[in-house]
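Everything on this sheet refers to the single structure shown next.
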Protein chains: 10
Amino acid sequence: MEFLVEIEVNFPPDGDPRQKAELIAAEGRRAKELAAAGIVRRLWRQPGRWANFGIWEAPDATALHEAIASLPFYPWLKVVVRPLAAHPSDPGRS
Amino acid sequence: MEFLVEIEVNFPPDGDPRQKAELIAAEGRRAKELAAAGIVRRLWRQPGRWANFGIWEAPDATALHEAIASLPFYPWLKVVVRPLAAHPSDPGRS
Amino acid sequence: MEFLVEIEVNFPPDGDPRQKAELIAAEGRRAKELAAAGIVRRLWRQPGRWANFGIWEAPDATALHEAIASLPFYPWLKVVVRPLAAHPSDPGRS
Amino acid sequence: MEFLVEIEVNFPPDGDPRQKAELIAAEGRRAKELAAAGIVRRLWRQPGRWANFGIWEAPDATALHEAIASLPFYPWLKVVVRPLAAHPSDPGRS
Amino acid sequence: MEFLVEIEVNFPPDGDPRQKAELIAAEGRRAKELAAAGIVRRLWRQPGRWANFGIWEAPDATALHEAIASLPFYPWLKVVVRPLAAHPSDPGRS
Amino acid sequence: MEFLVEIEVNFPPDGDPRQKAELIAAEGRRAKELAAAGIVRRLWRQPGRWANFGIWEAPDATALHEAIASLPFYPWLKVVVRPLAAHPSDPGRS
Amino acid sequence: MEFLVEIEVNFPPDGDPRQKAELIAAEGRRAKELAAAGIVRRLWRQPGRWANFGIWEAPDATALHEAIASLPFYPWLKVVVRPLAAHPSDPGRS
Amino acid sequence: MEFLVEIEVNFPPDGDPRQKAELIAAEGRRAKELAAAGIVRRLWRQPGRWANFGIWEAPDATALHEAIASLPFYPWLKVVVRPLAAHPSDPGRS
Amino acid sequence: MEFLVEIEVNFPPDGDPRQKAELIAAEGRRAKELAAAGIVRRLWRQPGRWANFGIWEAPDATALHEAIASLPFYPWLKVVVRPLAAHPSDPGRS
Amino acid sequence: MEFLVEIEVNFPPDGDPRQKAELIAAEGRRAKELAAAGIVRRLWRQPGRWANFGIWEAPDATALHEAIASLPFYPWLKVVVRPLAAHPSDPGRS
């Protein structure tokens with residue numbers, strides 16, 4: 001099942017630069033793993049914001065929660081999840 | 001450039017059934033054309049609503065507007081367009 | 001997978017009384033079927049409103065959409081779907 | 001009487017880890033007690049968020065308030081309570 | 001148990017004047033009955049609007065729903081119900 | 001003139017416990033005085049929140065402001081004031 | 001006591017032109033009377049909208065309601081009333 | 001003085017096609033006049049919507065209101081006006 | 001040109017009392033100067049809040065911005081500005 | 001392609017004055033560069049707020065994001081981007 005996931009990172013502007021750099025590096029590695037596992041399908045930046053939209057795929061909301069909660073920035077994230085249903089005109093469905 | 005497009009159809013519940021059926025058929029044909037043209041990339045229903053989320057691709061907002069305005073249901077649509085920027089961790093980017 | 005589904009019925013106050021009565025009767029029958037099929041698990045009225053909250057169970061959002069769209073009042077419904085994930089302290093999980 | 005209770009935990013991301021761990025453990029114990037007492041009936045995580053939806057049962061809003069305020073994380077909670085009325089098509093009513 | 005109930009009447013400005021007059025008269029009679037029954041405790045107009053705030057008392061949300069749904073204007077009402085809990089400093093509690 | 005006053009207390013969860021205890025005690029004393037003076041007429045907790053609804057009576061908004069600003073927690077309060085007009089069906093009007 | 005009153009006129013664009021013209025003329029006469037009575041103190045258009053902001057003066061919300069409800073367009077109005085308290089730096093207070 | 005003006009056209013989808021065509025033609029002529037008069041400086045479509053953003057210039061809000069109200073579609077418009085102040089880094093200021 | 005200006009002061013409740021007292025005194029002096037200069041025309045407290053509504057007069061939004069930005073509390077203010085147009089029924093216009 | 005960009009600066013009121021001064025100077029220099037590069041086309045202050053509206057031009061949302069993220073105040077900015085499509089009545093289009 002696919003989900004539209006909107007994520008905003010609320011790391012404080014005056015946060016520790018080293019912690020921030022480490023978290024960004026770890027976040028990139030974890031995002032790659034989630035992509036390789038077929039969980040993160042697409043990912044876009046929201047222009048002008050530390051935020052993204054993503055298409056995630058997971059068996060259900062419980063598995064999706066575990067995947068999102070595995071992100072290093074998770075405690076600083078504001079997340080909105082919207083469930084997606086199949087559309088008969090979707091060119092991308094297999 | 002890609003856009004996240006949210007579309008809700010506000011055709012009246014007591015609208016003419018024949019007009020509704022014709023519009024739905026025409027909408028399906030137009031959606032197929034837009035998919036074949038590489039403009040509509042993905043399309044999902046919002047569960048429980050006459051509404052969808054889509055990933056659209058167009059050179060700019062002007063071309064996107066023309067594509068959306070070509071939908072037979074256009075006068076009944078409520079549309080929200082969000083521009084999408086590339087994300088370094090996007091597994092789907094070419 | 002379970003979903004929290006919020007439904008509001010927007011049938012017009014001055015709508016045809018016979019149509020309204022028939023729709024209400026059909027809605028009750030369909031709700032019973034969805035309950036018997038294990039899709040509608042719980043259902044509550046929102047006090048003072050023609051609206052309800054329900055716990056629905058379906059394999060995914062596509063199946064949930066079909067179930068909601070099978071309600072006779074569907075064209076008049078405003079629906080909000082929230083996906084639910086398992087909680088370790090849920091007394092009701094099997 | 002049943003209530004739909006939406007709870008979000010706003011514990012700061014950079015809060016003391018030991019305090020956080022102790023609060024989480026205490027919260028789990030208190031949730032079990034509220035479940036055993038028949039006050040918390042169902043509990044679900046909101047995917048991607050430190051937040052849940054629950055079905056609570058209490059004689060009235062005063063007793064409900066005391067139950068919620070007994071949670072160890074109470075000072076950090078943002079809570080929305082919606083009263084629930086019986087629905088004639090509820091499969092779960094006794 | 002007490003509830004704060006906010007009611008807005010959405011009867012159309014160009015509605016039938018005779019129907020409107022009859023409904024207003026019937027609404028006044030029903031409000032008196034609900035007051036005599038101890039269900040409506042207080043009632044205030046919102047200045048400048050066809051709307052009111054009320055303190056209602058009922059055993060639970062189910063009984064409250066029945067009381068509100070008994071109002072002649074019910075199909076035209078937009079209602080928001082907020083449950084109220086006892087406050088230790090309330091001068092009006094018995 | 002009566003007012004519906006909604007008050008939320010935003011004292012920080014990690015605030016000084018002694019200051020919090022002193023403020024709560026002082027707030028209770030001040031609430032009693034305002035009740036004795038006939039300014040606070042009714043007061044209810046919002047279940048699950050450090051917040052209340054109250055019916056206040058004051059000659060005008062200026063006097064109401066002074067009464068609210070006299071609360072010890074005033075600097076931490078988020079207050080919404082709604083003016084109330086007499087309703088012909090109010091059972092509580094003298 | 002003064003009030004900030006925000007009024008929007010929702011007369012339908014395709015409403016009867018004669019009725020509209022008569023209502024506008026009557027509204028102007030009534031506004032003049034309310035000004036002469038010292039109830040409407042100031043009145044401004046919101047640019048681009050059939051809407052205004054006004055400073056109204058009335059003994060209380062009940063009298064204010066009667067004044068607003070005396071406007072010929074009243075059934076088509078959406079009104080928001082905000083109570084105003086005296087400010088020590090107000091240059092206009094007598 | 002410049003203003004950011006957001007305009008949405010709420011002409012009904014099932015409105016009279018001839019009236020709609022005439023209004024669109026008249027709107028285009030009036031827009032040209034307002035541009036020639038230096039009142040409308042820039043104009044953009046909002047993609048996917050019958051709506052636009054514009055930069056308008058007028059001596060004050062009264063003159064701006066008259067200009068907007070001169071649009072043939074005015075009775076069907078929902079308009080939001082935001083006043084604009086000079087910015088020291090504006091490349092376009094003369 | 002007149003503006004309706006809504007100002008909320010977000011000075012922290014646990015801010016330095018001496019700084020707060022000095023700012024309040026300076027704010028009062030500056031408000032008097034702005035009143036004497038004919039820029040602040042009217043000013044009202046919002047009851048129960050550290051907030052006000054004001055009628056300000058300035059040649060344009062640029063001059064208004066400079067006036068608001070001259071307030072000692074400016075860095076702590078949340079400000080909403082609404083432009084006002086002349087109304088034919090305004091009793092206060094000269 | 002043009003974008004309407006709304007930017008609010010949330011630098012804390014009690015932030016380090018030297019850091020603030022340096023950031024403001026650097027922001028001015030960067031804004032000049034973006035203007036010289038033809039990326040920032042117009043820029044206006046929102047009166048009474050540390051915020052602006054701007055017309056930005058960039059090949060796509062990815063380039064726009066890079067331009068906004070190059071602002072020295074970027075970590076403190078709250079940004080809303082709206083894509084703009086060509087309008088046939090735009091006097092400013094080349």
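Simple scheme: letters A, B, ... for chains in structure tokens order, numbers from 1 for residues in each chain, numbers from 1 for ligands in the order shown.
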
Margin query: Excluding Pro91 of chain I and its own-chain neighbours fewer than 2 positions away, which residues fall within 9 Å of it when counting only C-alpha atoms? Please give them as a list in words.
Written below: Lys32, Ala35, Ala36, Val40, Arg41, Arg42 and Leu43 of chain G; Pro88, Ser89, Arg93 and Ser94 of chain I

Apply DSSP to the structure's backbone, then extract all residues of chain G labelled alpha helix (DSSP H) and return them as an mmCIF file with N, CA, C and O atoms, in the first residue's frame.
```cif
data_model
loop_
_atom_site.group_PDB
_atom_site.id
_atom_site.type_symbol
_atom_site.label_atom_id
_atom_site.label_comp_id
_atom_site.auth_asym_id
_atom_site.auth_seq_id
_atom_site.Cartn_x
_atom_site.Cartn_y
_atom_site.Cartn_z
ATOM 1 N N PRO G 17 -32.153 41.830 -9.450
ATOM 2 C CA PRO G 17 -31.529 43.178 -9.431
ATOM 3 C C PRO G 17 -32.416 44.215 -8.734
ATOM 4 O O PRO G 17 -31.914 45.099 -8.040
ATOM 5 N N ARG G 18 -33.742 44.129 -8.898
ATOM 6 C CA ARG G 18 -34.612 45.131 -8.261
ATOM 7 C C ARG G 18 -34.554 44.980 -6.731
ATOM 8 O O ARG G 18 -34.419 45.951 -6.002
ATOM 9 N N GLN G 19 -34.642 43.706 -6.281
ATOM 10 C CA GLN G 19 -34.555 43.470 -4.835
ATOM 11 C C GLN G 19 -33.215 43.983 -4.293
ATOM 12 O O GLN G 19 -33.149 44.605 -3.236
ATOM 13 N N LYS G 20 -32.162 43.727 -5.069
ATOM 14 C CA LYS G 20 -30.834 44.162 -4.644
ATOM 15 C C LYS G 20 -30.773 45.680 -4.526
ATOM 16 O O LYS G 20 -30.276 46.227 -3.530
ATOM 17 N N ALA G 21 -31.305 46.378 -5.548
ATOM 18 C CA ALA G 21 -31.273 47.842 -5.530
ATOM 19 C C ALA G 21 -32.078 48.385 -4.351
ATOM 20 O O ALA G 21 -31.657 49.324 -3.662
ATOM 21 N N GLU G 22 -33.247 47.793 -4.102
ATOM 22 C CA GLU G 22 -34.076 48.261 -2.981
ATOM 23 C C GLU G 22 -33.388 48.026 -1.637
ATOM 24 O O GLU G 22 -33.417 48.864 -0.744
ATOM 25 N N LEU G 23 -32.755 46.848 -1.525
ATOM 26 C CA LEU G 23 -32.053 46.540 -0.274
ATOM 27 C C LEU G 23 -30.893 47.505 -0.047
ATOM 28 O O LEU G 23 -30.658 47.971 1.071
ATOM 29 N N ILE G 24 -30.146 47.814 -1.118
ATOM 30 C CA ILE G 24 -29.008 48.732 -0.971
ATOM 31 C C ILE G 24 -29.494 50.113 -0.528
ATOM 32 O O ILE G 24 -28.907 50.735 0.371
ATOM 33 N N ALA G 25 -30.593 50.575 -1.139
ATOM 34 C CA ALA G 25 -31.116 51.883 -0.739
ATOM 35 C C ALA G 25 -31.578 51.862 0.719
ATOM 36 O O ALA G 25 -31.268 52.770 1.506
ATOM 37 N N ALA G 26 -32.296 50.812 1.090
ATOM 38 C CA ALA G 26 -32.776 50.709 2.477
ATOM 39 C C ALA G 26 -31.618 50.588 3.455
ATOM 40 O O ALA G 26 -31.638 51.153 4.556
ATOM 41 N N GLU G 27 -30.590 49.849 3.037
ATOM 42 C CA GLU G 27 -29.414 49.669 3.903
ATOM 43 C C GLU G 27 -28.740 51.025 4.175
ATOM 44 O O GLU G 27 -28.345 51.323 5.300
ATOM 45 N N GLY G 28 -28.636 51.841 3.122
ATOM 46 C CA GLY G 28 -28.035 53.163 3.287
ATOM 47 C C GLY G 28 -28.844 54.026 4.252
ATOM 48 O O GLY G 28 -28.277 54.717 5.105
ATOM 49 N N ARG G 29 -30.183 53.979 4.119
ATOM 50 C CA ARG G 29 -31.019 54.758 5.048
ATOM 51 C C ARG G 29 -30.853 54.271 6.485
ATOM 52 O O ARG G 29 -30.718 55.061 7.417
ATOM 53 N N ARG G 30 -30.848 52.949 6.668
ATOM 54 C CA ARG G 30 -30.730 52.408 8.020
ATOM 55 C C ARG G 30 -29.362 52.727 8.618
ATOM 56 O O ARG G 30 -29.248 53.031 9.816
ATOM 57 N N ALA G 31 -28.315 52.670 7.775
ATOM 58 C CA ALA G 31 -26.974 53.002 8.265
ATOM 59 C C ALA G 31 -26.929 54.450 8.742
ATOM 60 O O ALA G 31 -26.304 54.761 9.760
ATOM 61 N N LYS G 32 -27.595 55.324 8.012
ATOM 62 C CA LYS G 32 -27.631 56.742 8.422
ATOM 63 C C LYS G 32 -28.316 56.884 9.768
ATOM 64 O O LYS G 32 -27.872 57.649 10.631
ATOM 65 N N GLU G 33 -29.434 56.175 9.951
ATOM 66 C CA GLU G 33 -30.145 56.236 11.237
ATOM 67 C C GLU G 33 -29.270 55.731 12.380
ATOM 68 O O GLU G 33 -29.230 56.329 13.459
ATOM 69 N N LEU G 34 -28.569 54.625 12.131
ATOM 70 C CA LEU G 34 -27.700 54.067 13.183
ATOM 71 C C LEU G 34 -26.551 55.026 13.487
ATOM 72 O O LEU G 34 -26.100 55.121 14.644
ATOM 73 N N ALA G 35 -26.068 55.726 12.472
ATOM 74 C CA ALA G 35 -25.022 56.729 12.699
ATOM 75 C C ALA G 35 -25.582 57.903 13.499
ATOM 76 O O ALA G 35 -24.960 58.372 14.465
ATOM 77 N N ALA G 36 -26.782 58.370 13.101
ATOM 78 C CA ALA G 36 -27.389 59.500 13.808
ATOM 79 C C ALA G 36 -27.680 59.155 15.265
ATOM 80 O O ALA G 36 -27.605 60.001 16.158
ATOM 81 N N ALA G 61 -24.092 43.642 24.416
ATOM 82 C CA ALA G 61 -24.196 42.800 23.222
ATOM 83 C C ALA G 61 -25.645 42.625 22.784
ATOM 84 O O ALA G 61 -25.918 42.422 21.598
ATOM 85 N N THR G 62 -26.576 42.704 23.722
ATOM 86 C CA THR G 62 -27.992 42.549 23.362
ATOM 87 C C THR G 62 -28.441 43.730 22.495
ATOM 88 O O THR G 62 -29.100 43.547 21.453
ATOM 89 N N ALA G 63 -28.100 44.932 22.918
ATOM 90 C CA ALA G 63 -28.453 46.114 22.128
ATOM 91 C C ALA G 63 -27.714 46.109 20.786
ATOM 92 O O ALA G 63 -28.273 46.498 19.754
ATOM 93 N N LEU G 64 -26.475 45.665 20.816
ATOM 94 C CA LEU G 64 -25.726 45.591 19.550
ATOM 95 C C LEU G 64 -26.406 44.621 18.583
ATOM 96 O O LEU G 64 -26.557 44.913 17.387
ATOM 97 N N HIS G 65 -26.834 43.480 19.102
ATOM 98 C CA HIS G 65 -27.507 42.498 18.240
ATOM 99 C C HIS G 65 -28.748 43.108 17.591
ATOM 100 O O HIS G 65 -28.991 42.914 16.394
ATOM 101 N N GLU G 66 -29.526 43.819 18.384
ATOM 102 C CA GLU G 66 -30.741 44.421 17.822
ATOM 103 C C GLU G 66 -30.395 45.412 16.711
ATOM 104 O O GLU G 66 -31.090 45.483 15.691
ATOM 105 N N ALA G 67 -29.342 46.180 16.907
ATOM 106 C CA ALA G 67 -28.951 47.156 15.892
ATOM 107 C C ALA G 67 -28.523 46.453 14.595
ATOM 108 O O ALA G 67 -28.943 46.826 13.493
ATOM 109 N N ILE G 68 -27.699 45.434 14.734
ATOM 110 C CA ILE G 68 -27.239 44.724 13.530
ATOM 111 C C ILE G 68 -28.407 44.026 12.839
ATOM 112 O O ILE G 68 -28.542 44.046 11.609
ATOM 113 N N ALA G 69 -29.278 43.412 13.648
ATOM 114 C CA ALA G 69 -30.408 42.670 13.076
ATOM 115 C C ALA G 69 -31.422 43.602 12.419
ATOM 116 O O ALA G 69 -32.312 43.147 11.692
#
```

### Message
I'd like to know which residues of chain H are strand (DSSP E or B) (by DSSP, run on the backbone); could you write them as number ranges by chain?
### Response
H: 2-9, 40-45, 51-57, 77-83, 85-86

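Using only C-alpha atoms for every distance, the candidate list C:Phe11, C:Trp56, C:Phe3, C:Trp44 yields C:Trp44 as the residue closest to Pro83 of chain D.
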
Suppose you want the space between atom CA of Arg82 of chain D and atom CA of Trp76 of chain E; what is it in Å?
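Distance reported for this atom pair: 21.9 Å.
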
Inset, instruction - Starting from chain D, keep only residues with some atom at most 6 Å from an atom of chain A, counting only C-alpha atoms, and report them as a list in words. - result: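 Taken together, these residues fit the definition: Pro13, Pro47 and Gly48 of chain D.
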
Export, as an mmCIF file, in the first residue's frame, the selected residues with N, CA and C atoms.
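Contents of out_4.cif, freshly written:
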```cif
data_model
loop_
_atom_site.group_PDB
_atom_site.id
_atom_site.type_symbol
_atom_site.label_atom_id
_atom_site.label_comp_id
_atom_site.auth_asym_id
_atom_site.auth_seq_id
_atom_site.Cartn_x
_atom_site.Cartn_y
_atom_site.Cartn_z
ATOM 1 N N PRO D 13 12.588 17.406 21.691
ATOM 2 C CA PRO D 13 13.535 16.468 21.073
ATOM 3 C C PRO D 13 14.877 16.426 21.797
ATOM 4 N N PRO D 47 0.485 7.062 12.491
ATOM 5 C CA PRO D 47 1.763 6.745 11.856
ATOM 6 C C PRO D 47 2.609 7.994 11.614
ATOM 7 N N GLY D 48 3.893 7.902 11.985
ATOM 8 C CA GLY D 48 4.832 8.990 11.745
ATOM 9 C C GLY D 48 4.821 10.080 12.794
#
```

Notebook entry, point to check: Which of these, I:Gly38, I:Val9, I:Arg45, I:Asp16, has the shortest distance to His87 of chain G once you count only C-alpha atoms?
Noted result: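 Under the stated criterion, the closest residue is I:Arg45.
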